[in-house]
There are 2 protein chains.
Amino acid sequence: MNIGEAARRSGLPQKTIRYYEEIGLLRPDRDGNGYRRFRDTDLHKLAFLGRARALGFPIEECRTLLGLYEDDSRESASVKAVAEEHLAKIDQKIDQLRSMRATLSDLVQACHGDHRPDCPILKDLAGNGLTPT
Amino acid sequence: MNIGEAARRSGLPQKTIRYYEEIGLLRPDRDGNGYRRFRDTDLHKLAFLGRARALGFPIEECRTLLGLYEDDSRESASVKAVAEEHLAKIDQKIDQLRSMRATLSDLVQACHGDHRPDCPILKDLAGNGLTPT
DNA sequence: CCTTGAGCTTCCAGTTACGGGAACCTTTAT
DNA sequence: ATAAAGGTTCCCGTAACTGGAAGCTCAAGG
């Protein structure tokens with residue numbers, strides 16, 4: 001099948017598929033006319049990548065996971081290690097966002113939000129974050 | 001003061017300060033030798049930007065906020081609107097991360113993580129996300 | 001046979017918010 | 001005089017694509 005159908009079936013944009021090929025995540029054959037020809041294995045890889053990306057794994061970790069996926073002699077511990085590291089990073093991001101959210105939410109609460117210029121949000125942003133001379 | 005001290009006092013890297021000037025967030029004077037000269041107002045802007053960035057506002061919103069900050073006739077409602085939109089985006093990101101986290105956490109739990117190749121994580125990633133022909 | 005349109009190709013630029021490093025000038029201290 | 005520290009500009013690289021241009025191929029219609 002051509003890239004159009006591969007895109008439709010995998011749910012990935014054509015651009016993304018070409019990009020994945022460019023960075024060596026897959027290597028579809030080419031037809032005589034230069035068109036990419038996707039086999040079922042390519043399609044499976046694309047689905048795998050789409051799923052891994054949806055879970056937030058960065059591309060290089062997707063590459064690693066794909067390698068493990070294709071390696072029949074992998075140890076599940078290797079996969080778990082990658083996943084756990086990623087999980088830790090997600091937790092870190094969530095914490096960071098929650099902290100921002102808390103501060104910002106307080107500020108929004110405190111701002112009356114009317115036609116007057118007085119604003120606790122700006123006051124907080126302006127508020128001296130300067131190290132003394 | 002020169003850029004070094006401005007960086008130290010604002011907590012922002014010199015690179016960042018130059019970048020902010022480049023995209024027009026501030027316009028420090030120049031000395032005869034070409035060195036930037038930072039006044040107190042510049043320093044205040046830098047502190048403001050550092051704080052706004054720390055709350056996750058993207059640069060263009062920082063620009064907007066800085067504009068409002070410098071506009072004595074602003075309405076606090078404008079500031080609040082910007083902040084609320086940003087808050088909504090943060091909430092969205094948190095939700096997305098939490099959803100990833102939930103799935104990933106389940107998968108990690110399910111993986112025994114030993115020397116054997118059998119792995120529920122890979123099984124899930126591989127698991128058919130393909131639209132039927 | 002010709003044309004039109006869809007589908008495919010490659011290549012280049014832009015996105016976000018900087019960071020690294022080169023090449024070079026100025027100031028300060030020894 | 002010289003060396004170190006601090007300043008300048010400029011250009012490349014990041015992550016993971018997305019958009020668009022120019023051009024080739026293929027299937028259908030008149």
# chains A, B, ... in the order shown; residues from 1 in each chain; ligands from 1
$ residues_around --residues "Tyr69 in chain A" --least-positions-apart "5" --cutoff "10 Å" --atoms "only C-alpha atoms (C1' of nucleotides)" --output "PyMOL selection string"
(chain A and resi 45+48+63-64+74+76+79) or (chain B and resi 117+119+121-123+125-126)
$ select_by_dssp --residues "range 16-91 of chain B" --states "helix (DSSP H, G or I)" --output "ChimeraX atom specification"
/B:16-22,40-54,59-70,76-91
$ atom_distance --atom1 "CA of Gln14 in chain B" --atom2 "CA of Gly127 in chain A"
21.2 Å
$ interface_residues --of "chain D" --to "chain B" --cutoff "9 Å" --atoms "only C-alpha atoms (C1' of nucleotides)" --output "ChimeraX atom specification"
/D:6-8
$ write_last_selection --atoms "N, CA and C atoms (P, O5', C5', C4', C3', O3' and C1' of nucleotides)" --output "PDB file, in the first residue's frame"
ATOM      1  P    DG D   6      34.306  38.054  35.030  1.00  0.00           P
ATOM      2  O5'  DG D   6      33.699  38.937  33.851  1.00  0.00           O
ATOM      3  C5'  DG D   6      33.820  40.351  33.911  1.00  0.00           C
ATOM      4  C4'  DG D   6      33.423  40.939  32.580  1.00  0.00           C
ATOM      5  C3'  DG D   6      32.100  40.384  32.033  1.00  0.00           C
ATOM      6  O3'  DG D   6      31.230  41.470  31.714  1.00  0.00           O
ATOM      7  C1'  DG D   6      33.757  40.385  30.367  1.00  0.00           C
ATOM      8  P    DG D   7      29.744  41.197  31.376  1.00  0.00           P
ATOM      9  O5'  DG D   7      29.728  41.672  29.852  1.00  0.00           O
ATOM     10  C5'  DG D   7      29.821  43.036  29.540  1.00  0.00           C
ATOM     11  C4'  DG D   7      30.230  43.227  28.104  1.00  0.00           C
ATOM     12  C3'  DG D   7      29.248  42.663  27.072  1.00  0.00           C
ATOM     13  O3'  DG D   7      28.245  43.607  26.743  1.00  0.00           O
ATOM     14  C1'  DG D   7      31.531  42.263  26.459  1.00  0.00           C
ATOM     15  P    DT D   8      27.090  43.118  25.789  1.00  0.00           P
ATOM     16  O5'  DT D   8      27.786  42.896  24.357  1.00  0.00           O
ATOM     17  C5'  DT D   8      28.275  44.036  23.643  1.00  0.00           C
ATOM     18  C4'  DT D   8      28.691  43.637  22.242  1.00  0.00           C
ATOM     19  C3'  DT D   8      27.674  42.780  21.503  1.00  0.00           C
ATOM     20  O3'  DT D   8      26.750  43.568  20.796  1.00  0.00           O
ATOM     21  C1'  DT D   8      29.873  41.898  21.227  1.00  0.00           C
TER      22       DT D   8
END
$ closest_atom_pairs --of "chain C" --to "chain A" --cutoff "10 Å" --atoms "only C-alpha atoms (C1' of nucleotides)" --output "tab-separated table"
residue	atom	partner	partner_atom	distance
C:DG7	C1'	A:Gly4	CA	7.9
C:DC8	C1'	A:Tyr35	CA	6.3
C:DT9	C1'	A:Gly34	CA	7.3
$ write_last_selection --atoms "C-alpha atoms (C1' of nucleotides)" --output "PDB file, in the first residue's frame"
ATOM      1  C1'  DG C   7      -1.614  11.294  -5.035  1.00  0.00           C
ATOM      2  C1'  DC C   8       3.159  10.905  -4.645  1.00  0.00           C
ATOM      3  C1'  DT C   9       8.126  12.791  -4.458  1.00  0.00           C
TER       4       DT C   9
END
$ atom_distance --atom1 "CA of Glu70 in chain B" --atom2 "CA of Arg116 in chain A"
14.4 Å
$ residues_around --residues "range 11-19 of chain D" --least-positions-apart "5" --cutoff "12 Å" --atoms "only C-alpha atoms (C1' of nucleotides)" --output "PyMOL selection string"
(chain A and resi 12-20+23+53+56-60) or (chain C and resi 12-23)
$ write_last_selection --atoms "N, CA and C atoms (P, O5', C5', C4', C3', O3' and C1' of nucleotides)" --output "compact mmCIF listing (two decimals), in the first residue's frame"
# COMPACT_ATOMS: atom_id res chain seq x y z
N LEU A 12 -1.51 8.17 11.56
CA LEU A 12 -0.43 9.16 11.56
C LEU A 12 -0.46 9.98 10.28
N PRO A 13 -0.13 11.25 10.37
CA PRO A 13 -0.05 12.07 9.15
C PRO A 13 1.07 11.58 8.23
N GLN A 14 0.89 11.77 6.95
CA GLN A 14 1.92 11.38 5.99
C GLN A 14 3.25 12.03 6.32
N LYS A 15 3.19 13.29 6.67
CA LYS A 15 4.42 14.01 7.02
C LYS A 15 5.18 13.30 8.12
N THR A 16 4.45 12.85 9.09
CA THR A 16 5.07 12.17 10.23
C THR A 16 5.71 10.86 9.79
N ILE A 17 5.01 10.15 8.95
CA ILE A 17 5.54 8.88 8.47
C ILE A 17 6.84 9.10 7.69
N ARG A 18 6.84 10.10 6.83
CA ARG A 18 8.07 10.40 6.08
C ARG A 18 9.19 10.79 7.04
N TYR A 19 8.83 11.56 8.04
CA TYR A 19 9.82 11.96 9.04
C TYR A 19 10.38 10.74 9.76
N TYR A 20 9.54 9.83 10.14
CA TYR A 20 10.00 8.63 10.83
C TYR A 20 10.94 7.82 9.95
N ILE A 23 14.41 9.60 9.87
CA ILE A 23 15.26 9.40 11.04
C ILE A 23 15.48 7.92 11.33
N ARG A 53 4.19 7.26 21.22
CA ARG A 53 4.20 8.73 21.24
C ARG A 53 3.01 9.25 22.02
N GLY A 56 3.63 9.65 25.38
CA GLY A 56 4.59 10.70 25.70
C GLY A 56 6.04 10.30 25.61
N PHE A 57 6.33 9.08 25.18
CA PHE A 57 7.73 8.70 25.03
C PHE A 57 8.38 9.56 23.96
N PRO A 58 9.53 10.14 24.26
CA PRO A 58 10.24 10.87 23.22
C PRO A 58 10.72 9.92 22.13
N ILE A 59 10.96 10.47 20.98
CA ILE A 59 11.33 9.67 19.82
C ILE A 59 12.47 8.69 20.11
N GLU A 60 13.51 9.15 20.77
CA GLU A 60 14.64 8.26 20.97
C GLU A 60 14.27 7.07 21.86
P DC C 12 17.25 21.99 -0.01
O5' DC C 12 16.51 23.31 0.46
C5' DC C 12 15.51 23.92 -0.36
C4' DC C 12 14.62 24.79 0.49
C3' DC C 12 15.31 25.32 1.76
O3' DC C 12 15.05 26.71 1.86
C1' DC C 12 13.26 24.28 2.31
P DA C 13 15.72 27.57 3.02
O5' DA C 13 14.44 28.07 3.83
C5' DA C 13 13.20 28.28 3.16
C4' DA C 13 12.13 28.55 4.18
C3' DA C 13 12.64 29.15 5.49
O3' DA C 13 11.72 30.14 5.93
C1' DA C 13 11.50 27.15 5.95
P DG C 14 12.01 30.96 7.27
O5' DG C 14 10.91 30.35 8.25
C5' DG C 14 9.53 30.34 7.87
C4' DG C 14 8.73 29.74 9.01
C3' DG C 14 9.18 30.24 10.39
O3' DG C 14 8.05 30.56 11.18
C1' DG C 14 9.28 27.88 10.32
P DT C 15 8.28 31.44 12.53
O5' DT C 15 7.84 30.40 13.65
C5' DT C 15 6.62 29.67 13.51
C4' DT C 15 6.64 28.46 14.42
C3' DT C 15 7.16 28.73 15.83
O3' DT C 15 6.06 28.83 16.71
C1' DT C 15 7.91 26.62 14.93
P DT C 16 6.11 29.94 17.86
O5' DT C 16 6.94 29.25 19.00
C5' DT C 16 6.43 28.13 19.66
C4' DT C 16 7.27 27.87 20.89
C3' DT C 16 7.90 29.13 21.50
O3' DT C 16 7.79 29.04 22.91
C1' DT C 16 9.61 27.60 20.86
P DA C 17 7.81 30.36 23.80
O5' DA C 17 9.31 30.31 24.32
C5' DA C 17 9.69 29.22 25.14
C4' DA C 17 11.18 29.19 25.24
C3' DA C 17 11.83 30.54 25.57
O3' DA C 17 12.85 30.32 26.51
C1' DA C 17 12.85 29.63 23.74
P DC C 18 13.33 31.52 27.42
O5' DC C 18 14.37 32.30 26.47
C5' DC C 18 15.75 32.07 26.57
C4' DC C 18 16.11 30.68 26.10
C3' DC C 18 17.57 30.31 26.29
O3' DC C 18 17.70 29.42 27.38
C1' DC C 18 16.74 29.58 24.17
P DG C 19 19.07 29.32 28.13
O5' DG C 19 19.94 28.36 27.20
C5' DG C 19 19.79 26.95 27.27
C4' DG C 19 20.96 26.30 26.55
C3' DG C 19 22.33 26.76 27.02
O3' DG C 19 23.18 25.62 27.03
C1' DG C 19 22.10 27.22 24.72
P DG C 20 24.66 25.77 27.61
O5' DG C 20 25.58 25.48 26.33
C5' DG C 20 25.07 24.71 25.24
C4' DG C 20 26.16 24.56 24.21
C3' DG C 20 27.55 25.01 24.64
O3' DG C 20 28.50 24.11 24.09
C1' DG C 20 26.82 26.36 22.83
P DG C 21 30.05 24.24 24.42
O5' DG C 21 30.62 25.06 23.18
C5' DG C 21 30.29 24.65 21.86
C4' DG C 21 30.84 25.65 20.87
C3' DG C 21 32.16 26.29 21.29
O3' DG C 21 33.02 26.31 20.17
C1' DG C 21 30.63 27.95 20.75
P DA C 22 34.56 26.71 20.32
O5' DA C 22 34.78 27.61 19.03
C5' DA C 22 34.08 27.28 17.82
C4' DA C 22 34.03 28.50 16.91
C3' DA C 22 35.33 29.30 16.89
O3' DA C 22 35.63 29.69 15.55
C1' DA C 22 33.53 30.70 17.54
P DA C 23 37.13 30.11 15.20
O5' DA C 23 36.99 31.69 15.09
C5' DA C 23 35.98 32.24 14.25
C4' DA C 23 35.93 33.74 14.44
C3' DA C 23 37.31 34.36 14.71
O3' DA C 23 37.43 35.56 13.94
C1' DA C 23 35.83 34.95 16.43
$ atom_distance --atom1 "C1' of DA6 in chain C" --atom2 "CA of Thr133 in chain B"
19.9 Å
$ closest_atom_pairs --of "chain A" --to "chain B" --cutoff "7 Å" --atoms "only C-alpha atoms" --output "tab-separated table"
residue	atom	partner	partner_atom	distance
A:Arg9	CA	B:Thr131	CA	4.6
A:Ser10	CA	B:Leu130	CA	5.3
A:Ala47	CA	B:Gly129	CA	5.6
A:Phe48	CA	B:Ala126	CA	4.9
A:Arg51	CA	B:Leu125	CA	5.6
A:Ala52	CA	B:Leu125	CA	6.2
A:Leu55	CA	B:Met100	CA	5.2
A:Tyr69	CA	B:Leu122	CA	6.3
A:Asp72	CA	B:Pro117	CA	6.7
A:Ser73	CA	B:Pro117	CA	6.0
A:Arg74	CA	B:Pro117	CA	5.0
A:Glu75	CA	B:His115	CA	4.4
A:Ser76	CA	B:Gly113	CA	4.8
A:Ala77	CA	B:Gly113	CA	3.7
A:Lys80	CA	B:Gly113	CA	5.7
A:Ala83	CA	B:Val108	CA	6.7
A:Glu84	CA	B:Val108	CA	6.9
A:Leu87	CA	B:Arg101	CA	6.6
A:Ile90	CA	B:Leu97	CA	6.7
A:Ile94	CA	B:Ile94	CA	6.1
A:Leu97	CA	B:Ile90	CA	6.7
A:Met100	CA	B:Leu55	CA	5.3
A:Arg101	CA	B:Leu87	CA	6.6
A:Leu104	CA	B:Leu87	CA	6.9
A:Val108	CA	B:Lys80	CA	6.2
A:Cys111	CA	B:Lys80	CA	6.6
A:Gly113	CA	B:Ala77	CA	3.7
A:Asp114	CA	B:Ala77	CA	4.7
A:His115	CA	B:Glu75	CA	4.5
A:Arg116	CA	B:Glu75	CA	5.0
A:Pro117	CA	B:Glu75	CA	4.6
A:Asp118	CA	B:Ser76	CA	6.1
A:Cys119	CA	B:Ser76	CA	5.3
A:Leu122	CA	B:Tyr69	CA	6.3
A:Leu125	CA	B:Phe48	CA	5.2
A:Ala126	CA	B:Phe48	CA	4.9
A:Gly129	CA	B:Ala47	CA	5.6
A:Leu130	CA	B:Ser10	CA	5.3
A:Thr131	CA	B:Arg9	CA	4.6
A:Pro132	CA	B:Arg9	CA	6.8
$ write_last_selection --atoms "N, CA and C atoms" --output "tab-separated table (two decimals), in the first residue's frame"
chain	number	residue	atom	x	y	z
A	9	ARG	N	-4.63	4.21	7.84
A	9	ARG	CA	-4.78	3.05	8.71
A	9	ARG	C	-4.05	3.19	10.03
A	10	SER	N	-2.92	3.90	10.01
A	10	SER	CA	-2.17	4.05	11.26
A	10	SER	C	-2.63	5.26	12.06
A	47	ALA	N	1.95	1.82	13.97
A	47	ALA	CA	0.95	1.77	15.04
A	47	ALA	C	1.65	1.79	16.40
A	48	PHE	N	2.71	1.03	16.49
A	48	PHE	CA	3.50	0.98	17.72
A	48	PHE	C	4.02	2.36	18.08
A	51	ARG	N	1.33	4.78	19.22
A	51	ARG	CA	0.90	4.47	20.58
A	51	ARG	C	1.95	4.95	21.60
A	52	ALA	N	3.20	4.67	21.31
A	52	ALA	CA	4.27	5.06	22.23
A	52	ALA	C	4.33	6.58	22.34
A	55	LEU	N	1.76	8.00	24.52
A	55	LEU	CA	2.08	7.88	25.94
A	55	LEU	C	3.20	8.85	26.33
A	69	TYR	N	11.07	-4.33	21.09
A	69	TYR	CA	9.90	-5.01	20.55
A	69	TYR	C	10.32	-6.04	19.50
A	72	ASP	N	13.53	-10.64	20.07
A	72	ASP	CA	12.85	-11.73	20.76
A	72	ASP	C	13.55	-12.13	22.06
A	73	SER	N	14.80	-11.77	22.16
A	73	SER	CA	15.53	-12.18	23.36
A	73	SER	C	15.65	-11.05	24.38
A	74	ARG	N	14.83	-10.04	24.23
A	74	ARG	CA	14.83	-8.93	25.20
A	74	ARG	C	14.49	-9.46	26.58
A	75	GLU	N	14.80	-8.65	27.58
A	75	GLU	CA	14.34	-8.95	28.93
A	75	GLU	C	13.29	-7.91	29.28
A	76	SER	N	12.20	-8.34	29.83
A	76	SER	CA	11.13	-7.38	30.12
A	76	SER	C	11.62	-6.30	31.09
A	77	ALA	N	12.66	-6.63	31.85
A	77	ALA	CA	13.21	-5.63	32.77
A	77	ALA	C	13.71	-4.39	32.03
A	80	LYS	N	10.68	-2.33	31.16
A	80	LYS	CA	10.13	-1.72	32.37
A	80	LYS	C	10.98	-0.54	32.83
A	83	ALA	N	10.21	2.46	30.76
A	83	ALA	CA	8.89	2.97	31.11
A	83	ALA	C	8.90	3.68	32.46
A	84	GLU	N	9.63	3.12	33.39
A	84	GLU	CA	9.66	3.73	34.73
A	84	GLU	C	10.36	5.09	34.72
A	87	LEU	N	7.96	7.44	33.30
A	87	LEU	CA	6.91	7.72	34.29
A	87	LEU	C	7.40	8.76	35.29
A	90	ILE	N	7.25	12.13	33.77
A	90	ILE	CA	5.87	12.61	33.71
A	90	ILE	C	5.45	13.17	35.07
A	94	ILE	N	4.17	16.90	35.94
A	94	ILE	CA	2.88	17.15	36.58
A	94	ILE	C	3.07	18.01	37.82
A	97	LEU	N	3.70	21.58	36.83
A	97	LEU	CA	2.49	22.23	36.36
A	97	LEU	C	1.53	22.51	37.51
A	100	MET	N	2.71	25.61	39.29
A	100	MET	CA	2.32	26.81	38.52
A	100	MET	C	0.83	27.07	38.69
A	101	ARG	N	0.08	26.02	38.53
A	101	ARG	CA	-1.37	26.14	38.59
A	101	ARG	C	-1.83	26.74	39.90
A	104	LEU	N	-0.91	30.49	40.04
A	104	LEU	CA	-1.69	31.24	39.08
A	104	LEU	C	-3.16	31.30	39.49
A	108	VAL	N	-5.39	34.64	40.06
A	108	VAL	CA	-6.62	34.88	39.32
A	108	VAL	C	-7.78	35.13	40.29
A	111	CYS	N	-7.74	38.64	41.66
A	111	CYS	CA	-7.95	39.77	40.73
A	111	CYS	C	-9.44	39.97	40.49
A	113	GLY	N	-10.81	41.77	38.28
A	113	GLY	CA	-11.11	41.68	36.85
A	113	GLY	C	-12.20	42.62	36.38
A	114	ASP	N	-12.00	43.90	36.64
A	114	ASP	CA	-12.97	44.87	36.16
A	114	ASP	C	-12.26	45.94	35.34
A	115	HIS	N	-12.86	47.11	35.26
A	115	HIS	CA	-12.28	48.16	34.41
A	115	HIS	C	-11.15	48.92	35.09
A	116	ARG	N	-10.97	48.69	36.36
A	116	ARG	CA	-9.91	49.44	37.07
A	116	ARG	C	-8.54	48.82	36.83
A	117	PRO	N	-7.52	49.64	36.91
A	117	PRO	CA	-6.17	49.18	36.58
A	117	PRO	C	-5.51	48.34	37.67
A	118	ASP	N	-5.97	48.49	38.87
A	118	ASP	CA	-5.33	47.79	39.98
A	118	ASP	C	-5.43	46.27	39.80
A	119	CYS	N	-4.27	45.59	39.87
A	119	CYS	CA	-4.28	44.16	39.55
A	119	CYS	C	-3.22	43.38	40.34
A	122	LEU	N	-0.49	41.45	38.14
A	122	LEU	CA	0.66	42.26	37.73
A	122	LEU	C	1.53	42.59	38.94
A	125	LEU	N	3.71	39.66	39.57
A	125	LEU	CA	4.75	39.49	38.54
A	125	LEU	C	5.84	40.54	38.70
A	126	ALA	N	5.42	41.74	39.02
A	126	ALA	CA	6.39	42.82	39.17
A	126	ALA	C	7.21	42.65	40.44
A	129	GLY	N	11.82	40.33	42.30
A	129	GLY	CA	12.56	39.08	42.27
A	129	GLY	C	14.04	39.38	42.07
A	130	LEU	N	14.44	40.58	42.50
A	130	LEU	CA	15.82	41.01	42.23
A	130	LEU	C	16.76	40.75	43.39
A	131	THR	N	17.88	40.17	43.05
A	131	THR	CA	18.96	40.01	44.02
A	131	THR	C	19.52	41.40	44.34
A	132	PRO	N	19.70	41.69	45.61
A	132	PRO	CA	20.25	43.00	45.98
A	132	PRO	C	21.64	43.21	45.36
$ residues_around --residues "DA3 in chain D" --least-positions-apart "5" --cutoff "12 Å" --atoms "only C-alpha atoms (C1' of nucleotides)" --output "number ranges by chain"
C: 28-30
$ select_by_dssp --residues "range 24-81 of chain A" --states "strand (DSSP E or B)" --output "list in words"
Asp29, Arg30, Arg36 and Arg37 of chain A
